[in-house]
Amino acid sequence: MPLLYPNFRIHQVFGANTEVGKTLLTTALVRATASRYAATLKQPEKRVFYLKPVSTGPDEESDVSYVDRNSAPHTPYISTKNLFQYREPMSPHLAAKLAPDLPFPETNEELVRGVEAYTSGCVKELNGREGALFVETAGGVHSPALHPPHTQSTFLRSLRLPSVLVASPHLGGISTTISAYESLLIRGYSISAVLCLHDPYYRNHTFLEDYFRDRNIGYWTIKPPPEKYGTVAEDGVRLRKWYEEVEGLVGGEEGGGVGDASRWLEEEHRRRIAELDGMPQRTLDSVWWPFTQHGLVNKKEEVMVVDSAYGDNFDAYYTKPALPSTSSSPTVPEQEDSLLKAYFDGSASWFTQSHGHANEALTLAAAEAAGRYGHVLFPSGTNAPALQLAEKLKSTVGAGWADRVFYSDNGSTAMEVALKMALRASGRRYGWDGEMGGDVGVIGLRGSYHGDTIGSMDATPASTFNNAVDWYKGRGHWFAPPMVQFVNGKHTVLTTGPDEWSALPDSLRAESTATPDGWTLPFSSVKDVYDLSTRTISPLADYYRSHIRTTLEALVREGRQFGALVMEPTCLGAGGMVFVDPLFQACLIEVVRASGDLFGGKHWEGRSYETELKGLPGREAAEWQGLPVIYDEVFSGLHRFGYHTASTVLKHNPDISAYAKILTGGLLPLSSTVASKSIFEAFLSDKKIDALLHGHSYTANPIGCSVALRAIQLVEEHESKGGWKDEKAMWGVATGGDERWSFWDEKFVNGVSKMKGVKGSMAMGTVFALELEDNESDYSSHSALNFLTSLREEIVTSTKDDMTPFTPFQIHSRPLGNVVYIITSLFTKKEVMRGMERVIMKKLGEQSS
């Protein structure tokens with residue numbers, strides 16, 4: 001839960017190492033802040049709070065005890081708390097093992113929730129009044145968490161509290177401090193201030209002060225505390241005098257500085273809130289959003305300000321609508337809400353997010369490659385990340401057919417490259433070339449979407465996405481695909497318009513139901529729908545092949561010419577989350593590959609359609625046949641739908657495939673177009689003009705390639721440890737099985753389809769799609785937007801039955817016309833899933849009542 005309150009500032013104190021004076025200076029900050037309240041309040045009130053999440057060592061030596069002993073004369077204004085205390089003075093994860101009689105959090109997240117709960121209690125106690133909280137961490141930045149292998153800087157990251165870093169004044173302290181600072185920075189922390197005790201010999205401040213102020217970070221050198229000598233009482237007197245001195249506003253080696261730092265932190269807090277509050281209007285004044293009608297989205301309240309993101313969630317700010325004033329004097333609220341709210345990233349940040357925001361492993365991979373390479377030229381060269389990623393893609397998604405990997409920047413350009421590859425290969429084989437090729441089109445699926453660049457748009461039918469683009473022409477023919485949905489609780493395959501569908505074979509007609517768009521056919525399970533080993537020899541497969549072949553024959557008779565088959569396997573994403581009948585796509589591939597007689601014209605030297613169709617099982621995978629087959633797996637590939645590549649679902653390899661979006665786990669833009677040997681060889685000659693003359697300045701960016709490699713490795717590691725076992729079990733998939741499954745419970749998806757106002761639902765892998773009944777069923781519909789706007793107001797919370805409770809959040813996603821979709825990451829926890837399912841069912845029930 002993000003913690004940001006208008007009248008309650010919170011700072012987290014990290015130490016660059018142990019023994020750097022962290023508790024000493026945190027106490028000084030607590031006192032200096034309390035002294036400000038003491039100067040303005042008539043009656044003492046608890047206004048400054050100190051929290052130590054985990055402390056080790058005897059109670060009388062704990063940090064809480066230290067603050068309590070040394071807070072006079074400001075004690076009436078200060079409240080202290082320790083969440084977990086262990087007796088042995090050692091790393092918390094070891095000290096806890098030696099104290100089995102003491103409470104121990106089962107997870108690191110439980111400790112985070114403890115910080116959240118304490119903060120909420122402070123806010124309630126203040127009841128709208130001003131206050132401050134200092135959360136002091138244990139040891140150094142990377143001191144172990146209670147549950148290894150995480151360190152405290154990692155498990156506290158979800159809070160992302162503004163931080164104060166206590167620098168090391170000792171020998172080697174410059175290096176230690178900068179390393180600590182960079183560790184926090186790379187994990188997304190904001191450093192508000194740096195404090196360092198003065199050491200007259202090492203004088204680290206002479207370097208560190210310039211270093212941090214050059215980075216616009218407040219820096220204060222604080223005189224060291226008095227040495228201990230004489231009696232305990234005498235030491236106490238000297239220490240109290242020292243605290244009084246450093247609380248002064250004047251900084252420097254001789255004294256003071258902490259009071260100035262405390263005032264700085266207060267100003268930083270106000271600046272942060274002002275920045276958030278001003279960003280919506282500044283954005284409306286300066287930004288041109290993609291896929292947005294600014295005539296409709298033009299109010300500050302409609303702008304989501306993402307302050308940070310972590311795991312599955314955004315920490316986001318929405319401007320509250322102004323309320324009419326009924327009094328000339330403002331009233332103090334009884335209790336403040338956090339200005340930031342946690343929103344589940346239900347659109348996976350436009351389909352890119354898969355490993356969780358701010359994933360530490362991916363961030364470090366990016367930092368390492370940035371430090372080693374930055375960006376380097378790629379043509380006629382190489383670098384280790386780009387080479388290793390190409391080899392990895394060939395051996396995974398390209399296993400058994402791929403020969404080459406071409407890099408570009410995003411999904412649209414990956415598809416542009418794929419189209420250039422396919423059309424050139426077809427032109428070389430069938431007698432057209434380059435600009436002399438005439439009006440060559442593609443074969444695809446109605447509702448498909450392959451990107452926003454001109455060539456990619458031309459490979460899709462006319463739609464809201466491209467109707468208003470002046471150069472759009474639409475080069476091809478697009479079959480209306482039969483789709484898979486749960487309809488009123490039944491697993492169903494149903495045809496879509498506007499294609500005309502002939503009557504089903506007699507053996508299927510009794511089971512089917514006629515519809516305005518053709519027919520529907522029930523199945524007993526999702527497994528049966530995706531079992532192509534039996535369905536490809538079924539009467540429906542023959543029906544599909546006949547429908548496809550007859551259509552292509554008619555198109556060729558009209559003089560149409562085609563150079564590629566282009567498809568989004570299993571699901572048409574931006575076109576409305578249409579889950580396509582896998583049998584139809586498999587049959588489409590088979591017919592296209594067997595129809596060289598239609599596409600080759602006078603250059604055709606192959607066998608008949610029937611003979612080619614029978615010979616497909618023995619086809620050489622490296623040699624394209626009929627037309628090059630392109631899989632657009634920009635959205636669907638790399639485990640988004642619970643499989644690595646659609647080849648495992650459709651039982652056919654492509655000749656070219658495109659990957660982007662979650663290729664880097666959602667961290668950086670990078671795409672790859674993977675091609676077979678025969679496609680690559682279509683460009684081989686001794687002439688430059690015959691090369692694939694396409695490229696981008698950031699082609700094979702080493703940072704993106706390095707992150708992609710690490711992203712793939714994380715998924716492989718998760719799989720090797722039995723990952724997604726529980727999710728697969730929900731769908732009846734045995735360990736090691738290759739059937740379809742989802743993070744979303746099958747019972748939930750089935751139940752949703754029975755709700756009033758729901759046309760159908762479907763889920764696979766991380767994706768859940770819900771089609772609402774609406775006369776406006778295309779992208780111009782507002783029904784999904786209305787539902788998601790209402791859903792966003794609901795707070796998803798844990799229940800007592802959840803084994804691992806989670807921090808409350810809300811759900812944010814973007815609509816696709818009348819289709820609501822929500823996408824998880826590859827690591828979303830099952831308790832979070834069940835929580836979202838409960839809220840979605842609740843909202844659907846409210847709308848249908």
# chains A, B, ... in the order shown; residues from 1 in each chain; ligands from 1
>>> residues_around(residues="Gly606 (chain A)", least_positions_apart="3", cutoff="10 Å", atoms="only C-alpha atoms", output="PyMOL selection string")
chain A and resi 594-597+600+603+609+611-612+625-626
>>> write_last_selection(atoms="N, CA and C atoms", output="PDB file, in the first residue's frame")
ATOM      1  N   ALA A 594      -0.685 -25.975 -48.766  1.00  0.00           N
ATOM      2  CA  ALA A 594      -0.962 -26.944 -49.834  1.00  0.00           C
ATOM      3  C   ALA A 594      -1.474 -26.284 -51.107  1.00  0.00           C
ATOM      4  N   SER A 595      -1.626 -24.954 -51.113  1.00  0.00           N
ATOM      5  CA  SER A 595      -2.261 -24.264 -52.233  1.00  0.00           C
ATOM      6  C   SER A 595      -1.276 -23.473 -53.079  1.00  0.00           C
ATOM      7  N   GLY A 596      -0.094 -24.006 -53.253  1.00  0.00           N
ATOM      8  CA  GLY A 596       0.852 -23.340 -54.142  1.00  0.00           C
ATOM      9  C   GLY A 596       0.323 -23.207 -55.552  1.00  0.00           C
ATOM     10  N   ASP A 597      -0.584 -24.128 -55.938  1.00  0.00           N
ATOM     11  CA  ASP A 597      -1.165 -24.044 -57.281  1.00  0.00           C
ATOM     12  C   ASP A 597      -1.974 -22.773 -57.465  1.00  0.00           C
ATOM     13  N   GLY A 600       1.054 -19.656 -57.059  1.00  0.00           N
ATOM     14  CA  GLY A 600       2.231 -19.652 -57.922  1.00  0.00           C
ATOM     15  C   GLY A 600       1.968 -19.365 -59.375  1.00  0.00           C
ATOM     16  N   HIS A 603       4.298 -20.056 -62.500  1.00  0.00           N
ATOM     17  CA  HIS A 603       5.575 -20.457 -61.907  1.00  0.00           C
ATOM     18  C   HIS A 603       5.444 -21.694 -61.015  1.00  0.00           C
ATOM     19  N   TYR A 609      -3.277 -29.837 -55.090  1.00  0.00           N
ATOM     20  CA  TYR A 609      -3.650 -29.446 -53.729  1.00  0.00           C
ATOM     21  C   TYR A 609      -3.827 -30.663 -52.840  1.00  0.00           C
ATOM     22  N   THR A 611      -2.584 -33.660 -53.120  1.00  0.00           N
ATOM     23  CA  THR A 611      -1.312 -34.341 -52.864  1.00  0.00           C
ATOM     24  C   THR A 611      -0.455 -33.543 -51.894  1.00  0.00           C
ATOM     25  N   GLU A 612      -0.432 -32.228 -52.067  1.00  0.00           N
ATOM     26  CA  GLU A 612       0.343 -31.370 -51.158  1.00  0.00           C
ATOM     27  C   GLU A 612      -0.206 -31.457 -49.738  1.00  0.00           C
ATOM     28  N   GLN A 625       6.353 -23.263 -47.777  1.00  0.00           N
ATOM     29  CA  GLN A 625       5.555 -23.936 -48.801  1.00  0.00           C
ATOM     30  C   GLN A 625       4.233 -23.219 -48.966  1.00  0.00           C
ATOM     31  N   GLY A 626       3.757 -23.085 -50.205  1.00  0.00           N
ATOM     32  CA  GLY A 626       2.510 -22.375 -50.490  1.00  0.00           C
ATOM     33  C   GLY A 626       2.697 -20.887 -50.371  1.00  0.00           C
TER      34      GLY A 626
END
>>> select_by_dssp(residues="region 352-394 of chain A", states="helix (DSSP H, G or I)", output="PyMOL selection string")
chain A and resi 360-372+384-394
>>> residues_around(residues="Glu19 (chain A)", least_positions_apart="5", cutoff="10 Å", atoms="only C-alpha atoms", output="PyMOL selection string")
chain A and resi 24+139-140+168-170
>>> closest_atom_pairs(of="region 297-323 of chain A", to="region 335-353 of chain A", cutoff="10 Å", atoms="only C-alpha atoms", output="CSV")
residue,atom,partner,partner_atom,distance
A:Val305,CA,A:Leu340,CA,9.2
A:Val306,CA,A:Leu340,CA,8.9
A:Asp307,CA,A:Leu340,CA,7.9
A:Ser308,CA,A:Leu340,CA,9.7
A:Ala309,CA,A:Ala342,CA,8.9
A:Tyr310,CA,A:Ala342,CA,9.6
A:Gly311,CA,A:Phe344,CA,9.0
A:Asp312,CA,A:Phe344,CA,5.7
A:Asn313,CA,A:Phe344,CA,4.4
A:Phe314,CA,A:Tyr343,CA,5.1
A:Asp315,CA,A:Ala342,CA,4.9
A:Ala316,CA,A:Leu340,CA,5.2
A:Tyr317,CA,A:Leu340,CA,4.9
A:Tyr318,CA,A:Leu340,CA,7.9
A:Thr319,CA,A:Leu339,CA,8.9
A:Lys320,CA,A:Leu339,CA,9.6
>>> residues_around(residues="Val820 (chain A)", least_positions_apart="6", cutoff="6 Å", atoms="only C-alpha atoms", output="list in words")
Ala769, Leu770 and Ala784 of chain A
>>> closest_residue(among="A:Gly760, A:Pro100, A:Pro617, A:Gly121", to="Val493 (chain A)", atoms="only C-alpha atoms")
A:Gly760
>>> residues_around(residues="region 58-60 of chain A", least_positions_apart="4", cutoff="7 Å", atoms="only C-alpha atoms", output="list of chain:residue names")
A:Ser65, A:Arg87, A:Glu88
>>> closest_residue(among="A:Ile656, A:Val767, A:Leu668, A:Leu714", to="Ile823 (chain A)", atoms="only C-alpha atoms")
A:Val767
>>> closest_atom_pairs(of="region 453-567 of chain A", to="region 418-432 of chain A", cutoff="8 Å", atoms="only C-alpha atoms", output="Markdown table")
| residue | atom | partner | partner_atom | distance |
| --- | --- | --- | --- | --- |
| A:Gly455 | CA | A:Leu419 | CA | 7.9 |
| A:Ser456 | CA | A:Leu419 | CA | 7.9 |
| A:Gly563 | CA | A:Leu423 | CA | 5.1 |
| A:Ala564 | CA | A:Ala422 | CA | 5.9 |
>>> write_last_selection(atoms="N, CA, C and O atoms", output="mmCIF file, in the first residue's frame")
data_model
loop_
_atom_site.group_PDB
_atom_site.id
_atom_site.type_symbol
_atom_site.label_atom_id
_atom_site.label_comp_id
_atom_site.auth_asym_id
_atom_site.auth_seq_id
_atom_site.Cartn_x
_atom_site.Cartn_y
_atom_site.Cartn_z
ATOM 1 N N GLY A 455 2.798 -0.284 -43.062
ATOM 2 C CA GLY A 455 2.775 -1.637 -43.609
ATOM 3 C C GLY A 455 2.016 -2.606 -42.740
ATOM 4 O O GLY A 455 1.241 -3.432 -43.227
ATOM 5 N N SER A 456 2.202 -2.517 -41.436
ATOM 6 C CA SER A 456 1.499 -3.410 -40.518
ATOM 7 C C SER A 456 -0.001 -3.154 -40.546
ATOM 8 O O SER A 456 -0.803 -4.089 -40.460
ATOM 9 N N GLY A 563 0.908 -12.900 -50.869
ATOM 10 C CA GLY A 563 2.313 -13.174 -50.622
ATOM 11 C C GLY A 563 2.627 -13.737 -49.259
ATOM 12 O O GLY A 563 3.772 -14.099 -48.981
ATOM 13 N N ALA A 564 1.614 -13.841 -48.366
ATOM 14 C CA ALA A 564 1.897 -14.345 -47.018
ATOM 15 C C ALA A 564 0.593 -14.653 -46.303
ATOM 16 O O ALA A 564 -0.462 -14.081 -46.622
#
>>> residues_around(residues="Pro144 (chain A)", least_positions_apart="6", cutoff="8 Å", atoms="only C-alpha atoms", output="PDB file with C-alpha atoms, in the first residue's frame")
ATOM      1  CA  SER A  91      21.393 -10.406  11.499  1.00  0.00           C
ATOM      2  CA  PRO A  92      17.616 -10.584  11.960  1.00  0.00           C
ATOM      3  CA  HIS A  93      17.155 -13.818  10.005  1.00  0.00           C
ATOM      4  CA  HIS A 150      15.951 -10.951   0.064  1.00  0.00           C
ATOM      5  CA  THR A 151      17.581  -7.952   1.665  1.00  0.00           C
ATOM      6  CA  GLN A 152      15.670  -5.202   3.438  1.00  0.00           C
TER       7      GLN A 152
END
>>> residues_around(residues="Gly447 (chain A)", least_positions_apart="3", cutoff="10 Å", atoms="only C-alpha atoms", output="VMD selection string")
chain A and resid 444 460 to 463 478 to 481 568 572 to 578 778
>>> write_last_selection(atoms="N, CA and C atoms", output="compact mmCIF listing (two decimals), in the first residue's frame")
# COMPACT_ATOMS: atom_id res chain seq x y z
N GLY A 444 -5.28 -13.22 -43.86
CA GLY A 444 -5.27 -13.09 -42.41
C GLY A 444 -6.63 -13.31 -41.81
N THR A 460 -4.01 -5.58 -42.13
CA THR A 460 -5.20 -5.83 -41.31
C THR A 460 -6.42 -5.22 -42.00
N PRO A 461 -7.60 -5.73 -41.68
CA PRO A 461 -8.81 -5.16 -42.30
C PRO A 461 -9.12 -3.78 -41.76
N ALA A 462 -9.98 -3.08 -42.46
CA ALA A 462 -10.39 -1.75 -42.02
C ALA A 462 -11.06 -1.84 -40.66
N SER A 463 -10.69 -0.89 -39.78
CA SER A 463 -11.22 -0.89 -38.43
C SER A 463 -11.07 0.51 -37.86
N TRP A 478 -9.36 -11.24 -45.33
CA TRP A 478 -9.35 -11.64 -43.93
C TRP A 478 -10.57 -12.52 -43.64
N PHE A 479 -10.30 -13.75 -43.23
CA PHE A 479 -11.35 -14.68 -42.85
C PHE A 479 -11.93 -14.28 -41.50
N ALA A 480 -13.25 -14.41 -41.39
CA ALA A 480 -13.90 -14.22 -40.09
C ALA A 480 -13.67 -15.50 -39.28
N PRO A 481 -12.92 -15.43 -38.17
CA PRO A 481 -12.53 -16.66 -37.49
C PRO A 481 -13.59 -17.17 -36.52
N GLU A 568 -2.38 -13.77 -35.75
CA GLU A 568 -2.12 -13.81 -34.31
C GLU A 568 -2.60 -15.17 -33.82
N LEU A 572 -6.79 -13.00 -30.87
CA LEU A 572 -6.65 -11.68 -31.49
C LEU A 572 -6.72 -10.66 -30.36
N GLY A 573 -5.58 -10.06 -30.02
CA GLY A 573 -5.49 -9.23 -28.82
C GLY A 573 -6.23 -7.92 -28.91
N ALA A 574 -5.61 -6.91 -29.54
CA ALA A 574 -6.21 -5.58 -29.58
C ALA A 574 -7.51 -5.55 -30.35
N GLY A 575 -7.75 -6.56 -31.17
CA GLY A 575 -9.00 -6.64 -31.92
C GLY A 575 -10.18 -7.06 -31.10
N GLY A 576 -9.99 -7.30 -29.80
CA GLY A 576 -11.12 -7.62 -28.94
C GLY A 576 -10.95 -8.88 -28.13
N MET A 577 -9.71 -9.33 -27.94
CA MET A 577 -9.44 -10.55 -27.17
C MET A 577 -10.31 -11.72 -27.67
N VAL A 578 -10.26 -11.92 -28.98
CA VAL A 578 -11.01 -13.01 -29.60
C VAL A 578 -10.16 -14.27 -29.55
N ASP A 778 -18.18 -3.01 -31.39
CA ASP A 778 -16.81 -2.80 -31.83
C ASP A 778 -16.09 -1.85 -30.88
>>> select_by_dssp(residues="region 250-476 of chain A", states="strand (DSSP E)", output="JSON list (two decimals) with N, CA and C atoms, in the first residue's frame")
[["chain", "number", "residue", "atom", "x", "y", "z"],
["A", 305, "VAL", "N", -1.86, 9.61, -12.51],
["A", 305, "VAL", "CA", -0.44, 9.92, -12.32],
["A", 305, "VAL", "C", 0.20, 8.70, -11.65],
["A", 306, "VAL", "N", 1.07, 8.02, -12.38],
["A", 306, "VAL", "CA", 1.76, 6.86, -11.82],
["A", 306, "VAL", "C", 3.02, 7.36, -11.11],
["A", 307, "ASP", "N", 2.98, 7.31, -9.79],
["A", 307, "ASP", "CA", 4.12, 7.78, -9.01],
["A", 307, "ASP", "C", 5.25, 6.75, -9.04],
["A", 308, "SER", "N", 4.88, 5.48, -9.02],
["A", 308, "SER", "CA", 5.85, 4.40, -9.16],
["A", 308, "SER", "C", 5.05, 3.13, -9.43],
["A", 309, "ALA", "N", 5.75, 2.05, -9.70],
["A", 309, "ALA", "CA", 5.08, 0.77, -9.91],
["A", 309, "ALA", "C", 5.96, -0.32, -9.34],
["A", 310, "TYR", "N", 5.31, -1.34, -8.79],
["A", 310, "TYR", "CA", 6.07, -2.42, -8.18],
["A", 310, "TYR", "C", 5.23, -3.68, -8.22],
["A", 313, "ASN", "N", 1.38, -3.87, -9.36],
["A", 313, "ASN", "CA", 0.59, -2.67, -9.07],
["A", 313, "ASN", "C", 1.26, -1.38, -9.50],
["A", 314, "PHE", "N", 0.39, -0.41, -9.83],
["A", 314, "PHE", "CA", 0.78, 0.99, -9.91],
["A", 314, "PHE", "C", 0.58, 1.62, -8.53],
["A", 315, "ASP", "N", 1.42, 2.56, -8.15],
["A", 315, "ASP", "CA", 1.12, 3.48, -7.06],
["A", 315, "ASP", "C", 0.71, 4.78, -7.75],
["A", 316, "ALA", "N", -0.58, 5.05, -7.76],
["A", 316, "ALA", "CA", -1.09, 6.11, -8.63],
["A", 316, "ALA", "C", -1.91, 7.15, -7.87],
["A", 317, "TYR", "N", -1.95, 8.34, -8.46],
["A", 317, "TYR", "CA", -2.65, 9.49, -7.87],
["A", 317, "TYR", "C", -3.71, 9.97, -8.85],
["A", 341, "LYS", "N", -2.87, 5.45, -4.34],
["A", 341, "LYS", "CA", -3.60, 4.20, -4.21],
["A", 341, "LYS", "C", -2.89, 3.12, -5.02],
["A", 342, "ALA", "N", -3.04, 1.88, -4.58],
["A", 342, "ALA", "CA", -2.48, 0.74, -5.31],
["A", 342, "ALA", "C", -3.52, 0.25, -6.31],
["A", 343, "TYR", "N", -3.12, 0.21, -7.59],
["A", 343, "TYR", "CA", -4.00, -0.27, -8.65],
["A", 343, "TYR", "C", -3.33, -1.46, -9.36],
["A", 344, "PHE", "N", -4.03, -2.57, -9.42],
["A", 344, "PHE", "CA", -3.53, -3.71, -10.17],
["A", 344, "PHE", "C", -3.45, -3.32, -11.64],
["A", 345, "ASP", "N", -2.31, -3.57, -12.25],
["A", 345, "ASP", "CA", -2.08, -3.19, -13.65],
["A", 345, "ASP", "C", -2.76, -4.22, -14.56],
["A", 402, "ALA", "N", 13.77, -22.52, -36.97],
["A", 402, "ALA", "CA", 14.33, -21.18, -37.14],
["A", 402, "ALA", "C", 15.81, -21.21, -37.46],
["A", 403, "ASP", "N", 16.24, -20.24, -38.25],
["A", 403, "ASP", "CA", 17.64, -20.15, -38.65],
["A", 403, "ASP", "C", 18.26, -18.81, -38.30],
["A", 404, "ARG", "N", 17.46, -17.73, -38.35],
["A", 404, "ARG", "CA", 18.00, -16.39, -38.14],
["A", 404, "ARG", "C", 17.07, -15.55, -37.26],
["A", 405, "VAL", "N", 17.69, -14.57, -36.58],
["A", 405, "VAL", "CA", 16.94, -13.63, -35.74],
["A", 405, "VAL", "C", 17.29, -12.22, -36.17],
["A", 406, "PHE", "N", 16.26, -11.43, -36.49],
["A", 406, "PHE", "CA", 16.44, -10.03, -36.88],
["A", 406, "PHE", "C", 15.86, -9.15, -35.77],
["A", 407, "TYR", "N", 16.63, -8.18, -35.31],
["A", 407, "TYR", "CA", 16.19, -7.33, -34.19],
["A", 407, "TYR", "C", 15.63, -6.00, -34.68],
["A", 408, "SER", "N", 14.60, -5.55, -33.99],
["A", 408, "SER", "CA", 14.09, -4.19, -34.19],
["A", 408, "SER", "C", 13.57, -3.68, -32.84],
["A", 440, "VAL", "N", 0.14, -6.89, -54.20],
["A", 440, "VAL", "CA", 0.22, -8.17, -53.51],
["A", 440, "VAL", "C", -0.36, -8.01, -52.11],
["A", 441, "GLY", "N", -1.23, -8.91, -51.72],
["A", 441, "GLY", "CA", -1.85, -8.82, -50.42],
["A", 441, "GLY", "C", -1.47, -9.98, -49.51],
["A", 442, "VAL", "N", -2.09, -10.00, -48.35],
["A", 442, "VAL", "CA", -1.85, -11.07, -47.40],
["A", 442, "VAL", "C", -3.18, -11.75, -47.08],
["A", 443, "ILE", "N", -3.09, -12.93, -46.52],
["A", 443, "ILE", "CA", -4.26, -13.64, -46.00],
["A", 443, "ILE", "C", -4.18, -13.56, -44.48],
["A", 444, "GLY", "N", -5.28, -13.22, -43.86],
["A", 444, "GLY", "CA", -5.27, -13.09, -42.41],
["A", 444, "GLY", "C", -6.63, -13.31, -41.81],
["A", 445, "LEU", "N", -6.83, -12.79, -40.60],
["A", 445, "LEU", "CA", -8.07, -12.98, -39.85],
["A", 445, "LEU", "C", -8.73, -11.64, -39.56],
["A", 476, "GLY", "N", -5.32, -7.29, -48.68],
["A", 476, "GLY", "CA", -5.46, -8.69, -48.37],
["A", 476, "GLY", "C", -6.89, -9.15, -48.25]]
>>> closest_residue(among="A:Ala414, A:His782, A:Cys571, A:Ala541", to="Tyr659 (chain A)", atoms="only C-alpha atoms")
A:Ala414
>>> closest_residue(among="A:Met755, A:Leu627, A:Phe641, A:Tyr698", to="Ser848 (chain A)", atoms="only C-alpha atoms")
A:Met755
>>> closest_residue(among="A:Gly188, A:Lys843, A:Tyr211, A:Gly497", to="Asn786 (chain A)", atoms="only C-alpha atoms")
A:Lys843
>>> atom_distance(atom1="CA of Gly256 (chain A)", atom2="CA of Thr221 (chain A)")
8.8 Å
>>> closest_residue(among="A:His718, A:Arg593, A:Lys800, A:His357", to="Ser825 (chain A)", atoms="only C-alpha atoms")
A:His357
>>> atom_distance(atom1="CA of Asp690 (chain A)", atom2="CA of Ala459 (chain A)")
23.0 Å
>>> atom_distance(atom1="CA of Leu389 (chain A)", atom2="CA of Ala660 (chain A)")
12.9 Å
>>> decode(residues="region 13-24 of chain A", atoms="N, CA, C and O atoms", output="short mmCIF file (atom, residue, chain, number, x, y, z; two decimals), in the first residue's frame")
data_model
loop_
_atom_site.label_atom_id
_atom_site.label_comp_id
_atom_site.auth_asym_id
_atom_site.auth_seq_id
_atom_site.Cartn_x
_atom_site.Cartn_y
_atom_site.Cartn_z
N VAL A 13 14.83 5.62 7.12
CA VAL A 13 16.25 5.92 7.34
C VAL A 13 17.06 4.65 7.07
O VAL A 13 16.86 3.61 7.72
N PHE A 14 17.95 4.74 6.10
CA PHE A 14 18.89 3.67 5.79
C PHE A 14 20.29 4.06 6.25
O PHE A 14 20.65 5.25 6.22
N GLY A 15 21.07 3.09 6.64
CA GLY A 15 22.47 3.33 6.94
C GLY A 15 23.35 2.78 5.82
O GLY A 15 23.07 1.71 5.28
N ALA A 16 24.39 3.50 5.49
CA ALA A 16 25.32 2.99 4.47
C ALA A 16 26.00 1.72 4.93
O ALA A 16 26.42 0.90 4.13
N ASN A 17 26.07 1.55 6.24
CA ASN A 17 26.66 0.34 6.83
C ASN A 17 26.24 0.29 8.30
O ASN A 17 25.51 1.18 8.77
N THR A 18 26.71 -0.69 9.01
CA THR A 18 26.50 -0.69 10.46
C THR A 18 27.49 0.28 11.10
O THR A 18 28.50 0.66 10.49
N GLU A 19 27.20 0.70 12.31
CA GLU A 19 28.09 1.56 13.10
C GLU A 19 28.39 2.90 12.41
O GLU A 19 29.51 3.39 12.43
N VAL A 20 27.38 3.47 11.74
CA VAL A 20 27.58 4.77 11.10
C VAL A 20 26.80 5.87 11.82
O VAL A 20 26.81 7.03 11.38
N GLY A 21 26.13 5.53 12.95
CA GLY A 21 25.37 6.53 13.71
C GLY A 21 23.93 6.66 13.25
O GLY A 21 23.32 7.72 13.44
N LYS A 22 23.37 5.60 12.66
CA LYS A 22 22.01 5.69 12.11
C LYS A 22 20.97 5.98 13.20
O LYS A 22 20.15 6.90 13.04
N THR A 23 21.01 5.21 14.28
CA THR A 23 20.04 5.44 15.36
C THR A 23 20.29 6.78 16.04
O THR A 23 19.36 7.50 16.41
N LEU A 24 21.55 7.12 16.20
CA LEU A 24 21.92 8.40 16.80
C LEU A 24 21.30 9.56 16.03
O LEU A 24 20.67 10.45 16.61
#
